[in-house]
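Below: the structure, in structure tokens.
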Amino acid sequence: MLRTRISAVLTPMTRAYGSLGTFSLPKPPSEPMLNYAPGSPERAALAEALTEVSGEVVDIPCVVNGEEVYTGDVVEQVMPTRHSHVLARVHRASQETVQAAIDASLEARAEWAAMPAEARFAIFRKAADLVASKHRAKMCATVMLGTGKNVWQAEIDAAVETIDFFRFNTAFAEDIYAMQPPQNAPGNWNRSEYRPLEGFVLAVSPFNFCAIGANLCTAPAMMGNTVVWKPASTAALGNYYVYNILREAGLPDGVINFVPGSGPVIGDTCLNSPHLGGLHFTGSTETFNSLSHAITSNYGKYVGYPRVVGETGGKNFHFLHASADVRSAVNNTLRGAFEYQGQKCSATSRLYVPASLWDEVRDSLVAEMANIKVGQPYEFDAFMTAVIDKSSFDNISRYLAAAAAAPDAEVLAGGSADDSEGYFVEPTLIHTTDPHFLTMEEEIFGPVLTAYVYDDDKFEETLEVCASTSPYALTGAVFARDADALLTADAALKDAAGNFYVNDKSTGAVVGAQPFGGARASGTNDKAGSALNLLRWVSARTIKENYLPLDDWRYPHME
Ligand SMILES: NC(=O)c1ccc[n+]([C@@H]2O[C@H](COP(=O)([O-])OP(=O)(O)OC[C@H]3O[C@@H](n4cnc5c(N)ncnc54)[C@H](O)[C@@H]3O)[C@@H](O)[C@H]2O)c1
Ligand SMILES: N[C@@H](CCC=O)C(=O)O
């Protein structure tokens, strides 16, 4: 494997000269989606990549300071849609390996931070172009087979969002460096310097978006930090692939250290290090609560106060007003609730419908759900595939059983699950008469949508119910043609969603267009894919330089 030592990138001469110019990055366009139409070159490339990925079992090592470490403590990554098919053997980090990764990060920090920003940024821009070109098909194939995405969802994640994170975040970083104090007294020059955090950053990523893993480790690195990255074992293959692309793009050894393995082993070792500078986490609220609690309990043992960014769960809503365009609301709801099997933190899982529209909404949903094909990721007509693993399958099945048994709920469509070949769950629609029914409140992370029908004249009261029903506040949407209704909903739902959509679905935020994150139990809302997130990875230093000598200690009025 290609290795790049920092010393090879940052020679004594580059260090001596620094940047002899004020460089400005090309402004990034959003990466266009390829459509994989029959006969298209991308479809042919994808077919080849799918054959390649399905025909190999990859040994995934830990990578510490550029060294591949095969620990022998192996867990398998299988296809969610065919769990007998092993794609990778993930070597889990031991406590010693994690400690070595921390040490490597600390060792690499000073030189990485000293590298001219344009040289750092160029690595991530190059990685974006590598994903966009020669690695695109294999990235998509890996995410399709490894995490059960159909081609459209894989293209969104493994290609477009990953590329956009690398391109837009470097542009945001450049803007941050350009922020300088507006005021300089005569004889002074005031400067702001955006240092990386002292210590290392722990990045912990979820299974459901390869792009999120790519962002969690690279956003701090762009700002000069060095990182220990713990990917989810069920998504290790796609994450390992993107990690290798970063190395191919010239990421020096030790800057991001890749350590798959047990959450508690990696978490405990990193959180107990006095040099923890920050935690960049995306995953469930429960895991984040335990990690952030461990960090605050260690206050006083760290060199500083670690920065904690955690984007977590959601219980996202579509709220229809009586003036809604039903066809559009239904189509958006089908996509929001069932694309990627409801395994997006932004997935629509609560639906509020006025009684006057209910018959039409219900019948359209049920009719269209019957047309949703649940199949293999490589079947081009499959809208859905399987959920990620057995534990998720069992969890969702428990909710389906609870709904089937509840007197105040009725399963209108779907409701079955079958894990004989893969972890398949039918798209499911539940109707409840209780706005606090458990599937209206708890995150399920599967293809389960629950509808609550309200009296048309209780629009405002029901908005209040929607705003206060779940502990989460990630995404939500209102569907209405009536301008007053839109304004009322906007005001009533102000704190109920960090990403709020008007006549659009609750999923599908685009980097550079809709910075992403929610509040309440949905996280710290540091808006992935924006300058707000990158600002969390710097510790600013203010420098005041005085040009003139001080001739007398007395104040002028004393003379
Ligand atoms: N808000 C967002 O932007 C966003 C985006 C994607 C996913 N999510 C959320 O993520 C969840 C789904 O992802 P998941 O199932 O991978 O989440 P998870 O919490 O189970 O796992 C997330 C990561 O934390 C690791 N982990 C678990 N225990 C740990 C410990 N003690 N120490 C260190 N690491 C530990 C896991 O191994 C994994 O890498 C959902 O709740 C979803 O809403 C949120
Ligand atoms: N940013 C993505 C969701 C990421 C969480 O899983 C969206 O907006 O759908």
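Just so we're on the same page: first chain in the structure tokens is A, next is B, and so on; residues restart at 1 for each chain, and ligands are numbered from 1 in the order they show up.
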Please extract the residues of range 155-220 of chain A with a backbone DSSP assignment of strand (DSSP E) and present them as a list in words.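 Strand (DSSP E) assignments inside range 155-220 of chain A correspond to Asn188, Trp189, Asn190, Arg191, Ser192, Glu193, Tyr194, Arg195, Pro196, Phe200, Val201, Leu202, Ala203 and Val204 of chain A.
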Residues of the last selection are to be written out with C-alpha atoms, as an mmCIF file, in the first residue's frame.
```
data_model
loop_
_atom_site.group_PDB
_atom_site.id
_atom_site.type_symbol
_atom_site.label_atom_id
_atom_site.label_comp_id
_atom_site.auth_asym_id
_atom_site.auth_seq_id
_atom_site.Cartn_x
_atom_site.Cartn_y
_atom_site.Cartn_z
ATOM 1 C CA ASN A 188 -0.844 47.446 15.416
ATOM 2 C CA TRP A 189 -1.689 44.446 13.334
ATOM 3 C CA ASN A 190 -4.219 42.000 14.824
ATOM 4 C CA ARG A 191 -4.401 38.519 13.430
ATOM 5 C CA SER A 192 -6.507 35.405 14.084
ATOM 6 C CA GLU A 193 -4.810 32.093 13.708
ATOM 7 C CA TYR A 194 -6.913 28.915 13.547
ATOM 8 C CA ARG A 195 -4.845 26.296 15.341
ATOM 9 C CA PRO A 196 -5.916 22.660 15.448
ATOM 10 C CA PHE A 200 -6.050 14.075 18.907
ATOM 11 C CA VAL A 201 -9.638 13.836 17.679
ATOM 12 C CA LEU A 202 -11.618 10.601 17.968
ATOM 13 C CA ALA A 203 -13.989 10.125 15.005
ATOM 14 C CA VAL A 204 -16.708 7.493 15.487
#
```
Sorted by chain and rising residue number, list the residues of chain A at most 7 Å from ligand 2 (counting only C-alpha atoms and all ligand atoms), each with its closest atom pair and distance in Å to one decimal, as CSV.
```
residue,atom,partner,partner_atom_place_in_ligand_line,distance
A:Asn208,CA,ligand 2,6 (O),6.1
A:Phe209,CA,ligand 2,6 (O),6.3
A:Gln343,CA,ligand 2,6 (O),6.7
A:Lys344,CA,ligand 2,6 (O),3.6
A:Cys345,CA,ligand 2,6 (O),3.9
A:Ser346,CA,ligand 2,9 (O),5.0
A:Ala347,CA,ligand 2,9 (O),6.9
A:Thr507,CA,ligand 2,9 (O),3.6
A:Gly508,CA,ligand 2,9 (O),3.6
A:Ala509,CA,ligand 2,8 (O),3.6
A:Val510,CA,ligand 2,8 (O),6.8
A:Phe516,CA,ligand 2,1 (N),6.1
```
Env. residues ligand 1 / 9 Å / only C-alpha atoms and all ligand atoms / as a ChimeraX atom specification: /A:203-209,212,230-235,260-268,270-271,281-288,290-291,310-315,343-347,388,392,443-445,474,516-518,522-523,525,527-528
What does the distance between CA of Ala497 in chain A and CA of Gly476 in chain A come to in Å, to one decimal place?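 Going from CA of Ala497 in chain A over to CA of Gly476 in chain A, I get 5.7 Å.
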Could you pull the residues within 12 Å of Lys27 in chain A, counting only C-alpha atoms, minus those fewer than 5 positions along the same chain, as a PyMOL selection string? chain A and resi 125+164+167-172+174-175+512
For Tyr36 in chain A, which residue out of A:Gln376, A:Thr147, A:Gln153, A:Ser54 is the nearest one, using only C-alpha atoms?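 For Tyr36 in chain A, the nearest of the given residues is A:Gln153.
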Contacts of Met369 in chain A within 12 Å, only C-alpha atoms, excl. fewer than 6 positions in-chain, as a ChimeraX atom specification: /A:330-331,333-335,337-339,361-363,383-384,412-415,426-429,447-449
Cys217 in chain A surroundings by only C-alpha atoms, 7 Å radius, close-in-sequence under 4 positions cut, as a ChimeraX atom specification: /A:203,213,221,227,229,256
